[in-house]
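Shown here: run18.txt, compact mmCIF, N, CA and C atoms.
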```
# COMPACT_ATOMS: atom_id res chain seq x y z
N MET A 111 -14.43 23.66 0.18
CA MET A 111 -14.73 22.43 -0.53
C MET A 111 -13.55 21.47 -0.37
N CYS A 112 -13.85 20.27 0.01
CA CYS A 112 -12.82 19.25 0.18
C CYS A 112 -12.56 18.57 -1.17
N ARG A 113 -11.33 18.66 -1.62
CA ARG A 113 -10.96 18.05 -2.89
C ARG A 113 -9.63 17.33 -2.71
N PRO A 114 -9.69 16.08 -2.27
CA PRO A 114 -8.44 15.35 -2.02
C PRO A 114 -7.70 15.07 -3.32
N THR A 115 -6.42 15.38 -3.33
CA THR A 115 -5.61 15.13 -4.53
C THR A 115 -4.59 14.03 -4.23
N VAL A 116 -4.39 13.19 -5.22
CA VAL A 116 -3.45 12.08 -5.09
C VAL A 116 -2.73 11.88 -6.42
N ALA A 117 -1.67 11.11 -6.36
CA ALA A 117 -0.90 10.80 -7.57
C ALA A 117 -1.67 9.84 -8.47
N ARG A 118 -1.31 9.83 -9.72
CA ARG A 118 -1.99 9.03 -10.74
C ARG A 118 -2.06 7.55 -10.38
N TYR A 119 -0.97 6.99 -9.87
CA TYR A 119 -0.98 5.55 -9.60
C TYR A 119 -2.02 5.18 -8.56
N TRP A 120 -2.30 6.09 -7.61
CA TRP A 120 -3.35 5.79 -6.62
C TRP A 120 -4.73 5.81 -7.27
N ARG A 121 -4.93 6.71 -8.25
CA ARG A 121 -6.22 6.76 -8.94
C ARG A 121 -6.39 5.51 -9.81
N LEU A 122 -5.32 5.05 -10.43
CA LEU A 122 -5.38 3.82 -11.22
C LEU A 122 -5.71 2.62 -10.33
N LEU A 123 -5.05 2.56 -9.17
CA LEU A 123 -5.32 1.47 -8.24
C LEU A 123 -6.76 1.52 -7.73
N LEU A 124 -7.22 2.71 -7.37
CA LEU A 124 -8.59 2.84 -6.87
C LEU A 124 -9.61 2.42 -7.93
N ALA A 125 -9.40 2.84 -9.16
CA ALA A 125 -10.31 2.45 -10.24
C ALA A 125 -10.34 0.94 -10.40
N GLY A 126 -9.19 0.31 -10.40
CA GLY A 126 -9.14 -1.15 -10.52
C GLY A 126 -9.84 -1.84 -9.38
N ILE A 127 -9.63 -1.35 -8.17
CA ILE A 127 -10.28 -1.96 -7.00
C ILE A 127 -11.79 -1.79 -7.08
N VAL A 128 -12.25 -0.60 -7.43
CA VAL A 128 -13.70 -0.36 -7.51
C VAL A 128 -14.33 -1.27 -8.56
N TRP A 129 -13.74 -1.33 -9.75
CA TRP A 129 -14.30 -2.17 -10.81
C TRP A 129 -14.29 -3.64 -10.37
N LEU A 130 -13.21 -4.09 -9.74
CA LEU A 130 -13.12 -5.48 -9.31
C LEU A 130 -14.13 -5.80 -8.22
N VAL A 131 -14.23 -4.96 -7.22
CA VAL A 131 -15.16 -5.21 -6.10
C VAL A 131 -16.61 -5.21 -6.58
N VAL A 132 -16.98 -4.25 -7.40
CA VAL A 132 -18.35 -4.20 -7.93
C VAL A 132 -18.61 -5.43 -8.80
N GLY A 133 -17.65 -5.80 -9.62
CA GLY A 133 -17.81 -6.98 -10.46
C GLY A 133 -18.00 -8.25 -9.65
N ILE A 134 -17.18 -8.43 -8.63
CA ILE A 134 -17.29 -9.62 -7.77
C ILE A 134 -18.62 -9.62 -7.03
N ALA A 135 -19.05 -8.45 -6.54
CA ALA A 135 -20.33 -8.37 -5.83
C ALA A 135 -21.49 -8.77 -6.74
N LEU A 136 -21.46 -8.32 -7.99
CA LEU A 136 -22.52 -8.69 -8.93
C LEU A 136 -22.49 -10.18 -9.24
N VAL A 137 -21.30 -10.74 -9.44
CA VAL A 137 -21.18 -12.17 -9.73
C VAL A 137 -21.64 -13.00 -8.53
N LEU A 138 -21.27 -12.59 -7.33
CA LEU A 138 -21.70 -13.34 -6.14
C LEU A 138 -23.22 -13.28 -5.96
N THR A 139 -23.82 -12.13 -6.24
CA THR A 139 -25.28 -12.02 -6.18
C THR A 139 -25.91 -12.96 -7.20
N ALA A 140 -25.37 -12.97 -8.40
CA ALA A 140 -25.89 -13.86 -9.45
C ALA A 140 -25.73 -15.32 -9.05
N CYS A 141 -24.60 -15.67 -8.45
CA CYS A 141 -24.39 -17.06 -8.02
C CYS A 141 -25.39 -17.47 -6.94
N TYR A 142 -25.71 -16.52 -6.06
CA TYR A 142 -26.72 -16.81 -5.04
C TYR A 142 -28.06 -17.11 -5.69
N TRP A 143 -28.43 -16.31 -6.67
CA TRP A 143 -29.70 -16.56 -7.36
C TRP A 143 -29.65 -17.85 -8.15
N LEU A 144 -28.52 -18.13 -8.77
CA LEU A 144 -28.39 -19.37 -9.55
C LEU A 144 -28.39 -20.61 -8.65
N SER A 145 -27.95 -20.46 -7.41
CA SER A 145 -27.90 -21.61 -6.52
C SER A 145 -29.30 -22.16 -6.21
N GLY A 146 -30.31 -21.33 -6.39
CA GLY A 146 -31.69 -21.78 -6.17
C GLY A 146 -32.27 -22.54 -7.34
N LEU A 147 -31.54 -22.60 -8.43
CA LEU A 147 -32.02 -23.32 -9.62
C LEU A 147 -31.51 -24.76 -9.60
N PRO A 148 -32.22 -25.64 -10.28
CA PRO A 148 -31.78 -27.04 -10.30
C PRO A 148 -30.49 -27.23 -11.11
N TRP A 149 -29.74 -28.21 -10.68
CA TRP A 149 -28.52 -28.63 -11.37
C TRP A 149 -28.93 -29.39 -12.61
N PRO A 150 -28.34 -29.34 -13.74
CA PRO A 150 -27.19 -28.58 -14.22
C PRO A 150 -27.58 -27.27 -14.89
N GLY A 151 -28.86 -26.88 -14.80
CA GLY A 151 -29.30 -25.63 -15.42
C GLY A 151 -28.56 -24.43 -14.89
N ASN A 152 -28.29 -24.42 -13.58
CA ASN A 152 -27.58 -23.28 -13.00
C ASN A 152 -26.14 -23.20 -13.52
N LEU A 153 -25.50 -24.32 -13.71
CA LEU A 153 -24.14 -24.33 -14.26
C LEU A 153 -24.16 -23.85 -15.71
N PHE A 154 -25.15 -24.30 -16.47
CA PHE A 154 -25.26 -23.88 -17.87
C PHE A 154 -25.43 -22.36 -17.96
N LEU A 155 -26.31 -21.79 -17.12
CA LEU A 155 -26.52 -20.34 -17.13
C LEU A 155 -25.25 -19.59 -16.70
N ALA A 156 -24.52 -20.15 -15.74
CA ALA A 156 -23.28 -19.51 -15.29
C ALA A 156 -22.25 -19.51 -16.42
N ILE A 157 -22.14 -20.60 -17.14
CA ILE A 157 -21.17 -20.68 -18.25
C ILE A 157 -21.55 -19.71 -19.36
N ILE A 158 -22.84 -19.68 -19.70
CA ILE A 158 -23.31 -18.75 -20.74
C ILE A 158 -23.03 -17.30 -20.30
N SER A 159 -23.32 -17.01 -19.04
CA SER A 159 -23.10 -15.66 -18.52
C SER A 159 -21.63 -15.27 -18.53
N LEU A 160 -20.76 -16.22 -18.20
CA LEU A 160 -19.33 -15.93 -18.22
C LEU A 160 -18.86 -15.65 -19.64
N CYS A 161 -19.36 -16.41 -20.60
CA CYS A 161 -19.01 -16.17 -22.01
C CYS A 161 -19.50 -14.79 -22.46
N LEU A 162 -20.73 -14.44 -22.07
CA LEU A 162 -21.25 -13.11 -22.39
C LEU A 162 -20.42 -12.03 -21.70
N GLY A 163 -20.00 -12.30 -20.46
CA GLY A 163 -19.17 -11.35 -19.73
C GLY A 163 -17.82 -11.12 -20.40
N MET A 164 -17.26 -12.18 -20.97
CA MET A 164 -15.99 -12.02 -21.70
C MET A 164 -16.20 -11.17 -22.95
N ALA A 165 -17.36 -11.31 -23.60
CA ALA A 165 -17.66 -10.46 -24.76
C ALA A 165 -17.86 -9.01 -24.33
N VAL A 166 -18.57 -8.79 -23.22
CA VAL A 166 -18.77 -7.44 -22.70
C VAL A 166 -17.42 -6.83 -22.34
N HIS A 167 -16.54 -7.63 -21.77
CA HIS A 167 -15.18 -7.16 -21.45
C HIS A 167 -14.45 -6.76 -22.73
N ALA A 168 -14.45 -7.64 -23.71
CA ALA A 168 -13.67 -7.41 -24.92
C ALA A 168 -14.19 -6.24 -25.76
N PHE A 169 -15.51 -6.12 -25.86
CA PHE A 169 -16.08 -5.14 -26.78
C PHE A 169 -16.69 -3.92 -26.09
N GLY A 170 -16.70 -3.87 -24.76
CA GLY A 170 -17.33 -2.77 -24.07
C GLY A 170 -16.48 -2.19 -22.96
N PHE A 171 -16.44 -2.89 -21.82
CA PHE A 171 -15.77 -2.34 -20.64
C PHE A 171 -14.28 -2.16 -20.82
N SER A 172 -13.66 -3.00 -21.61
CA SER A 172 -12.22 -2.87 -21.82
C SER A 172 -11.91 -1.56 -22.54
N ARG A 173 -12.78 -1.17 -23.47
CA ARG A 173 -12.60 0.11 -24.17
C ARG A 173 -12.80 1.29 -23.22
N VAL A 174 -13.81 1.18 -22.35
CA VAL A 174 -14.05 2.23 -21.37
C VAL A 174 -12.84 2.37 -20.44
N ALA A 175 -12.33 1.24 -19.97
CA ALA A 175 -11.16 1.26 -19.08
C ALA A 175 -9.96 1.87 -19.79
N THR A 176 -9.75 1.52 -21.04
CA THR A 176 -8.62 2.05 -21.79
C THR A 176 -8.74 3.56 -21.96
N ARG A 177 -9.95 4.05 -22.24
CA ARG A 177 -10.17 5.49 -22.35
C ARG A 177 -9.94 6.18 -21.01
N ASN A 178 -10.42 5.56 -19.93
CA ASN A 178 -10.21 6.14 -18.60
C ASN A 178 -8.73 6.22 -18.25
N ILE A 179 -8.00 5.17 -18.58
CA ILE A 179 -6.55 5.16 -18.30
C ILE A 179 -5.84 6.25 -19.09
N ALA A 180 -6.19 6.39 -20.36
CA ALA A 180 -5.58 7.44 -21.19
C ALA A 180 -5.90 8.82 -20.62
N ARG A 181 -7.14 9.02 -20.17
CA ARG A 181 -7.52 10.29 -19.57
C ARG A 181 -6.75 10.54 -18.28
N LEU A 182 -6.62 9.50 -17.45
CA LEU A 182 -5.86 9.63 -16.21
C LEU A 182 -4.39 9.97 -16.48
N GLN A 183 -3.82 9.36 -17.51
CA GLN A 183 -2.42 9.60 -17.81
C GLN A 183 -2.17 10.98 -18.40
N SER A 184 -3.23 11.61 -18.93
CA SER A 184 -3.06 12.95 -19.50
C SER A 184 -3.30 14.05 -18.47
N GLN A 185 -3.79 13.70 -17.27
CA GLN A 185 -4.06 14.69 -16.24
C GLN A 185 -2.77 15.18 -15.60
N SER A 186 -2.81 16.42 -15.14
CA SER A 186 -1.66 16.94 -14.41
C SER A 186 -1.59 16.25 -13.05
N GLU A 187 -0.43 16.30 -12.46
CA GLU A 187 -0.21 15.64 -11.17
C GLU A 187 -0.12 16.67 -10.07
N PRO A 188 -0.57 16.46 -8.88
CA PRO A 188 -1.58 15.46 -8.54
C PRO A 188 -2.95 15.96 -8.98
N ALA A 189 -3.94 15.05 -9.00
CA ALA A 189 -5.30 15.41 -9.41
C ALA A 189 -6.28 14.86 -8.39
N CYS A 190 -7.51 15.25 -8.54
CA CYS A 190 -8.56 14.86 -7.60
C CYS A 190 -8.70 13.34 -7.54
N LEU A 191 -8.81 12.81 -6.34
CA LEU A 191 -8.96 11.38 -6.12
C LEU A 191 -10.14 10.81 -6.91
N PHE A 192 -11.23 11.55 -6.99
CA PHE A 192 -12.44 11.05 -7.64
C PHE A 192 -12.41 11.16 -9.16
N SER A 193 -11.32 11.64 -9.71
CA SER A 193 -11.21 11.74 -11.16
C SER A 193 -10.79 10.43 -11.81
N PHE A 194 -10.80 9.34 -11.03
CA PHE A 194 -10.48 8.04 -11.64
C PHE A 194 -11.58 7.65 -12.63
N GLN A 195 -12.74 8.29 -12.53
CA GLN A 195 -13.81 8.15 -13.50
C GLN A 195 -14.09 9.56 -14.03
N ALA A 196 -14.48 9.64 -15.30
CA ALA A 196 -14.90 10.94 -15.83
C ALA A 196 -16.17 11.36 -15.10
N TRP A 197 -16.38 12.67 -14.97
CA TRP A 197 -17.51 13.15 -14.18
C TRP A 197 -18.84 12.70 -14.76
N HIS A 198 -18.95 12.61 -16.09
CA HIS A 198 -20.22 12.14 -16.67
C HIS A 198 -20.43 10.64 -16.40
N SER A 199 -19.38 9.93 -16.11
CA SER A 199 -19.51 8.50 -15.80
C SER A 199 -20.21 8.28 -14.46
N TYR A 200 -20.10 9.24 -13.56
CA TYR A 200 -20.81 9.10 -12.28
C TYR A 200 -22.32 9.09 -12.50
N PHE A 201 -22.79 9.87 -13.47
CA PHE A 201 -24.21 9.84 -13.81
C PHE A 201 -24.59 8.46 -14.37
N LEU A 202 -23.74 7.91 -15.23
CA LEU A 202 -23.99 6.58 -15.79
C LEU A 202 -24.02 5.52 -14.68
N ILE A 203 -23.16 5.65 -13.69
CA ILE A 203 -23.15 4.71 -12.57
C ILE A 203 -24.47 4.77 -11.81
N ILE A 204 -24.97 5.97 -11.58
CA ILE A 204 -26.26 6.12 -10.89
C ILE A 204 -27.38 5.49 -11.71
N VAL A 205 -27.36 5.70 -13.01
CA VAL A 205 -28.38 5.10 -13.88
C VAL A 205 -28.29 3.57 -13.84
N MET A 206 -27.07 3.04 -13.89
CA MET A 206 -26.91 1.57 -13.85
C MET A 206 -27.37 1.00 -12.50
N MET A 207 -27.10 1.72 -11.41
CA MET A 207 -27.56 1.25 -10.10
C MET A 207 -29.09 1.27 -10.05
N ALA A 208 -29.70 2.30 -10.60
CA ALA A 208 -31.16 2.38 -10.61
C ALA A 208 -31.75 1.26 -11.47
N LEU A 209 -31.12 0.98 -12.61
CA LEU A 209 -31.59 -0.12 -13.45
C LEU A 209 -31.44 -1.46 -12.74
N GLY A 210 -30.36 -1.64 -12.01
CA GLY A 210 -30.17 -2.88 -11.25
C GLY A 210 -31.22 -3.04 -10.18
N TYR A 211 -31.53 -1.94 -9.51
CA TYR A 211 -32.58 -1.97 -8.48
C TYR A 211 -33.92 -2.31 -9.11
N ALA A 212 -34.25 -1.66 -10.23
CA ALA A 212 -35.51 -1.92 -10.91
C ALA A 212 -35.57 -3.37 -11.39
N LEU A 213 -34.47 -3.86 -11.93
CA LEU A 213 -34.42 -5.23 -12.43
C LEU A 213 -34.70 -6.23 -11.32
N ARG A 214 -34.14 -6.00 -10.14
CA ARG A 214 -34.36 -6.90 -9.00
C ARG A 214 -35.81 -6.91 -8.55
N HIS A 215 -36.51 -5.80 -8.76
CA HIS A 215 -37.87 -5.68 -8.24
C HIS A 215 -38.95 -5.88 -9.30
N LEU A 216 -38.56 -6.11 -10.54
CA LEU A 216 -39.54 -6.43 -11.58
C LEU A 216 -39.95 -7.89 -11.45
N PRO A 217 -41.17 -8.22 -11.86
CA PRO A 217 -41.62 -9.62 -11.75
C PRO A 217 -41.09 -10.49 -12.90
N ILE A 218 -39.77 -10.63 -12.95
CA ILE A 218 -39.15 -11.52 -13.93
C ILE A 218 -38.37 -12.58 -13.17
N PRO A 219 -38.15 -13.72 -13.79
CA PRO A 219 -37.44 -14.80 -13.08
C PRO A 219 -36.03 -14.38 -12.66
N LYS A 220 -35.62 -14.86 -11.49
CA LYS A 220 -34.29 -14.55 -10.97
C LYS A 220 -33.20 -15.11 -11.88
N SER A 221 -33.52 -16.12 -12.66
CA SER A 221 -32.52 -16.66 -13.58
C SER A 221 -32.12 -15.62 -14.62
N ILE A 222 -33.06 -14.80 -15.06
CA ILE A 222 -32.74 -13.74 -16.02
C ILE A 222 -31.92 -12.65 -15.33
N ASP A 223 -32.35 -12.28 -14.12
CA ASP A 223 -31.56 -11.32 -13.34
C ASP A 223 -30.13 -11.83 -13.16
N ALA A 224 -30.01 -13.10 -12.84
CA ALA A 224 -28.69 -13.69 -12.58
C ALA A 224 -27.80 -13.62 -13.82
N VAL A 225 -28.36 -13.90 -14.98
CA VAL A 225 -27.56 -13.85 -16.21
C VAL A 225 -27.07 -12.42 -16.45
N ILE A 226 -27.94 -11.43 -16.26
CA ILE A 226 -27.55 -10.04 -16.48
C ILE A 226 -26.48 -9.62 -15.47
N TYR A 227 -26.71 -9.92 -14.18
CA TYR A 227 -25.75 -9.56 -13.14
C TYR A 227 -24.41 -10.25 -13.36
N PHE A 228 -24.45 -11.53 -13.69
CA PHE A 228 -23.21 -12.30 -13.90
C PHE A 228 -22.45 -11.75 -15.10
N THR A 229 -23.17 -11.43 -16.17
CA THR A 229 -22.54 -10.91 -17.38
C THR A 229 -21.85 -9.58 -17.10
N VAL A 230 -22.58 -8.64 -16.51
CA VAL A 230 -22.01 -7.32 -16.22
C VAL A 230 -20.88 -7.44 -15.19
N GLY A 231 -21.10 -8.24 -14.15
CA GLY A 231 -20.09 -8.40 -13.10
C GLY A 231 -18.80 -9.01 -13.61
N SER A 232 -18.91 -10.05 -14.41
CA SER A 232 -17.68 -10.67 -14.92
C SER A 232 -16.98 -9.75 -15.91
N GLY A 233 -17.75 -8.97 -16.69
CA GLY A 233 -17.13 -7.99 -17.60
C GLY A 233 -16.37 -6.93 -16.83
N LEU A 234 -16.96 -6.43 -15.75
CA LEU A 234 -16.27 -5.44 -14.92
C LEU A 234 -15.02 -6.02 -14.26
N ALA A 235 -15.16 -7.21 -13.69
CA ALA A 235 -14.02 -7.83 -13.00
C ALA A 235 -12.87 -8.08 -13.97
N LEU A 236 -13.18 -8.57 -15.16
CA LEU A 236 -12.13 -8.82 -16.15
C LEU A 236 -11.48 -7.51 -16.60
N SER A 237 -12.28 -6.48 -16.80
CA SER A 237 -11.75 -5.20 -17.29
C SER A 237 -10.94 -4.46 -16.23
N SER A 238 -11.14 -4.81 -14.97
CA SER A 238 -10.33 -4.16 -13.92
C SER A 238 -8.85 -4.45 -14.11
N SER A 239 -8.53 -5.53 -14.80
CA SER A 239 -7.13 -5.89 -15.02
C SER A 239 -6.38 -4.81 -15.80
N HIS A 240 -7.07 -4.05 -16.63
CA HIS A 240 -6.42 -2.95 -17.36
C HIS A 240 -5.86 -1.91 -16.38
N TYR A 241 -6.66 -1.61 -15.36
CA TYR A 241 -6.21 -0.63 -14.37
C TYR A 241 -5.02 -1.16 -13.57
N PHE A 242 -5.08 -2.43 -13.19
CA PHE A 242 -3.97 -2.99 -12.41
C PHE A 242 -2.69 -3.07 -13.24
N HIS A 243 -2.84 -3.36 -14.53
CA HIS A 243 -1.67 -3.39 -15.42
C HIS A 243 -1.06 -1.98 -15.53
N ALA A 244 -1.93 -0.97 -15.71
CA ALA A 244 -1.43 0.42 -15.80
C ALA A 244 -0.80 0.85 -14.48
N PHE A 245 -1.39 0.41 -13.35
CA PHE A 245 -0.84 0.72 -12.04
C PHE A 245 0.56 0.12 -11.89
N ALA A 246 0.71 -1.14 -12.34
CA ALA A 246 2.00 -1.81 -12.23
C ALA A 246 3.07 -1.12 -13.08
N LYS A 247 2.66 -0.51 -14.19
CA LYS A 247 3.62 0.17 -15.07
C LYS A 247 4.04 1.52 -14.51
N GLU A 248 3.24 2.10 -13.61
CA GLU A 248 3.57 3.43 -13.03
C GLU A 248 4.75 3.29 -12.16
```
Written as structure tokens, how would this file's structure read?
Amino acid sequence: MCRPTVARYWRLLLAGIVWLVVGIALVLTACYWLSGLPWPGNLFLAIISLCLGMAVHAFGFSRVATRNIARLQSQSEPACLFSFQAWHSYFLIIVMMALGYALRHLPIPKSIDAVIYFTVGSGLALSSSHYFHAFAKE
């Protein structure tokens, strides 16, 4: 069985990069969908989504990131590269990906999809800063 082990700071960096890249990808997808809407409605939805994303960051993803960082800091060195997320979190990621796929294929307006994607994406991107801060302290 292949089990790559790395130092904690690499796991912190990887977690931050993954959260940031996924967040940016979701925001860019939402912006693409919003670009098809008339002005200024698309800007209004983007602003609302960003505000919701800041709330998701403050009251949701930031807490998850903080718990992940504390778990990473309590692990012995070196540890498995993929332990930057708790193992049960991988199941949650699969569920969220399936929900995103279902959401894209349901007959609902893309503006609603865009708000959800933008909110989750901006929350993830903002919360990635916790990992980068912890990485910088290592």
Check: Closest to A:Arg113 among A:Asp223, A:Ala189, A:Val230, A:Ala208, using only N, CA and C atoms?
Finding: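 Among the listed residues, A:Ala189 lies closest to A:Arg113.
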In terms of the shortest atom-to-atom distance over all atoms listed in the file, which of A:Ala246, A:Leu130, A:Ser237, A:Ser221 is closest to A:Trp143?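 Under the stated criterion, the closest residue is A:Ser221.
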From atom CA of A:Ser193 to atom CA of A:Trp120 the spacing works out at 10.9 Å
| query | What is the distance, in Å and to one decimal place, between atom CA of A:Val131 and atom CA of A:Leu209? | reply |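 Computing the Euclidean distance for atom CA of A:Val131 and atom CA of A:Leu209 yields 18.7 Å.
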Of A:Ser199, A:Asn152, A:Asn178, A:Gln183, the one nearest to A:Lys247 when counting only C-alpha atoms is A:Gln183
**Asked** Expressed in Å to a single decimal, how great is the separation between atom CA of A:Ser159 and atom CA of A:Ser232?
**Response**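 Atom-to-atom, atom CA of A:Ser159 and atom CA of A:Ser232 are spaced 8.2 Å apart.
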Would you please extract all strand (DSSP E) residues from chain A, as assigned by DSSP on the backbone, and give them as a ChimeraX atom specification?
/A:115-116,189-190
Go through A:Leu153, A:Val116, A:Leu160, A:Phe242 and flag the residue nearest A:Ser186, using only C-alpha atoms for the distances.
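Closest candidate: A:Val116.
Of the residues under consideration (A:Gly133, A:Pro188, A:Pro150, A:Gly163), A:Pro188 shows the shortest atom-to-atom contact distance to A:Thr115 when counting all atoms listed in the file.
For A:Ser239, the list of residues within 8 Å, based on all atoms listed in the file and with local chain neighbours fewer than 3 positions off taken out, reads A:Gly126, A:Ile127, A:Trp129, A:Leu130, A:Leu234, A:Ala235, A:Leu236, A:Phe242, A:His243, A:Ala244, A:Phe245.
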For the selection just defined, write its residues with N, CA and C atoms to a file, as a compact mmCIF listing (two decimals), keeping the file's coordinate frame.
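Dumped to again_11.txt:
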```txt
# COMPACT_ATOMS: atom_id res chain seq x y z
N GLY A 126 -9.19 0.31 -10.40
CA GLY A 126 -9.14 -1.15 -10.52
C GLY A 126 -9.84 -1.84 -9.38
N ILE A 127 -9.63 -1.35 -8.17
CA ILE A 127 -10.28 -1.96 -7.00
C ILE A 127 -11.79 -1.79 -7.08
N TRP A 129 -13.74 -1.33 -9.75
CA TRP A 129 -14.30 -2.17 -10.81
C TRP A 129 -14.29 -3.64 -10.37
N LEU A 130 -13.21 -4.09 -9.74
CA LEU A 130 -13.12 -5.48 -9.31
C LEU A 130 -14.13 -5.80 -8.22
N LEU A 234 -16.96 -6.43 -15.75
CA LEU A 234 -16.27 -5.44 -14.92
C LEU A 234 -15.02 -6.02 -14.26
N ALA A 235 -15.16 -7.21 -13.69
CA ALA A 235 -14.02 -7.83 -13.00
C ALA A 235 -12.87 -8.08 -13.97
N LEU A 236 -13.18 -8.57 -15.16
CA LEU A 236 -12.13 -8.82 -16.15
C LEU A 236 -11.48 -7.51 -16.60
N PHE A 242 -5.08 -2.43 -13.19
CA PHE A 242 -3.97 -2.99 -12.41
C PHE A 242 -2.69 -3.07 -13.24
N HIS A 243 -2.84 -3.36 -14.53
CA HIS A 243 -1.67 -3.39 -15.42
C HIS A 243 -1.06 -1.98 -15.53
N ALA A 244 -1.93 -0.97 -15.71
CA ALA A 244 -1.43 0.42 -15.80
C ALA A 244 -0.80 0.85 -14.48
N PHE A 245 -1.39 0.41 -13.35
CA PHE A 245 -0.84 0.72 -12.04
C PHE A 245 0.56 0.12 -11.89
```
What's around A:Leu136 at 8 Å? Count all atoms listed in the file, leave out sequence neighbours fewer than 4 positions away in its own chain, and write the answer as a list of chain:residue names. A:Leu130, A:Val131, A:Val132, A:Ala140, A:Cys141, A:Tyr142, A:Ala224, A:Ile226, A:Tyr227, A:Phe228, A:Thr229, A:Val230, A:Gly231, A:Ser232
*asked:* Let me make sure I understand: among A:Ile179, A:Phe154, A:Leu138, A:Leu202, which one has the smallest atom-to-atom distance to A:Leu122 if we use all atoms listed in the file?
replied: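 Closest residue, counting all atoms listed in the file: A:Ile179.
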How would stretch 201-206 of chain A look with all heavy atoms restored, written as a JSON list (two decimals), keeping the file's coordinate frame?
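Ended up saving to part.json:
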```json
[["chain", "number", "residue", "atom", "x", "y", "z"],
["A", 201, "PHE", "N", -22.79, 9.87, -13.47],
["A", 201, "PHE", "CA", -24.21, 9.84, -13.81],
["A", 201, "PHE", "C", -24.59, 8.46, -14.37],
["A", 201, "PHE", "O", -25.62, 7.90, -14.01],
["A", 201, "PHE", "CB", -24.54, 10.94, -14.83],
["A", 201, "PHE", "CG", -25.95, 10.90, -15.32],
["A", 201, "PHE", "CD1", -27.00, 11.29, -14.49],
["A", 201, "PHE", "CD2", -26.24, 10.46, -16.59],
["A", 201, "PHE", "CE1", -28.31, 11.24, -14.94],
["A", 201, "PHE", "CE2", -27.55, 10.40, -17.04],
["A", 201, "PHE", "CZ", -28.59, 10.80, -16.21],
["A", 202, "LEU", "N", -23.74, 7.91, -15.23],
["A", 202, "LEU", "CA", -23.99, 6.58, -15.79],
["A", 202, "LEU", "C", -24.02, 5.52, -14.68],
["A", 202, "LEU", "O", -24.85, 4.60, -14.72],
["A", 202, "LEU", "CB", -22.92, 6.23, -16.83],
["A", 202, "LEU", "CG", -23.01, 4.86, -17.48],
["A", 202, "LEU", "CD1", -24.32, 4.72, -18.24],
["A", 202, "LEU", "CD2", -21.83, 4.64, -18.40],
["A", 203, "ILE", "N", -23.16, 5.65, -13.69],
["A", 203, "ILE", "CA", -23.15, 4.71, -12.57],
["A", 203, "ILE", "C", -24.47, 4.77, -11.81],
["A", 203, "ILE", "O", -25.05, 3.73, -11.46],
["A", 203, "ILE", "CB", -21.95, 5.00, -11.64],
["A", 203, "ILE", "CG1", -20.64, 4.66, -12.33],
["A", 203, "ILE", "CG2", -22.08, 4.25, -10.32],
["A", 203, "ILE", "CD1", -19.40, 5.18, -11.64],
["A", 204, "ILE", "N", -24.97, 5.97, -11.58],
["A", 204, "ILE", "CA", -26.26, 6.12, -10.89],
["A", 204, "ILE", "C", -27.38, 5.49, -11.71],
["A", 204, "ILE", "O", -28.24, 4.78, -11.16],
["A", 204, "ILE", "CB", -26.53, 7.62, -10.60],
["A", 204, "ILE", "CG1", -25.54, 8.13, -9.56],
["A", 204, "ILE", "CG2", -27.97, 7.83, -10.14],
["A", 204, "ILE", "CD1", -25.55, 9.63, -9.39],
["A", 205, "VAL", "N", -27.36, 5.70, -13.01],
["A", 205, "VAL", "CA", -28.38, 5.10, -13.88],
["A", 205, "VAL", "C", -28.29, 3.57, -13.84],
["A", 205, "VAL", "O", -29.31, 2.88, -13.74],
["A", 205, "VAL", "CB", -28.25, 5.62, -15.33],
["A", 205, "VAL", "CG1", -29.12, 4.83, -16.30],
["A", 205, "VAL", "CG2", -28.60, 7.10, -15.39],
["A", 206, "MET", "N", -27.07, 3.04, -13.89],
["A", 206, "MET", "CA", -26.91, 1.57, -13.85],
["A", 206, "MET", "C", -27.37, 1.00, -12.50],
["A", 206, "MET", "O", -27.97, -0.08, -12.47],
["A", 206, "MET", "CB", -25.45, 1.20, -14.13],
["A", 206, "MET", "CG", -25.06, 1.43, -15.57],
["A", 206, "MET", "SD", -23.34, 1.03, -15.91],
["A", 206, "MET", "CE", -23.35, -0.73, -15.76]]
```
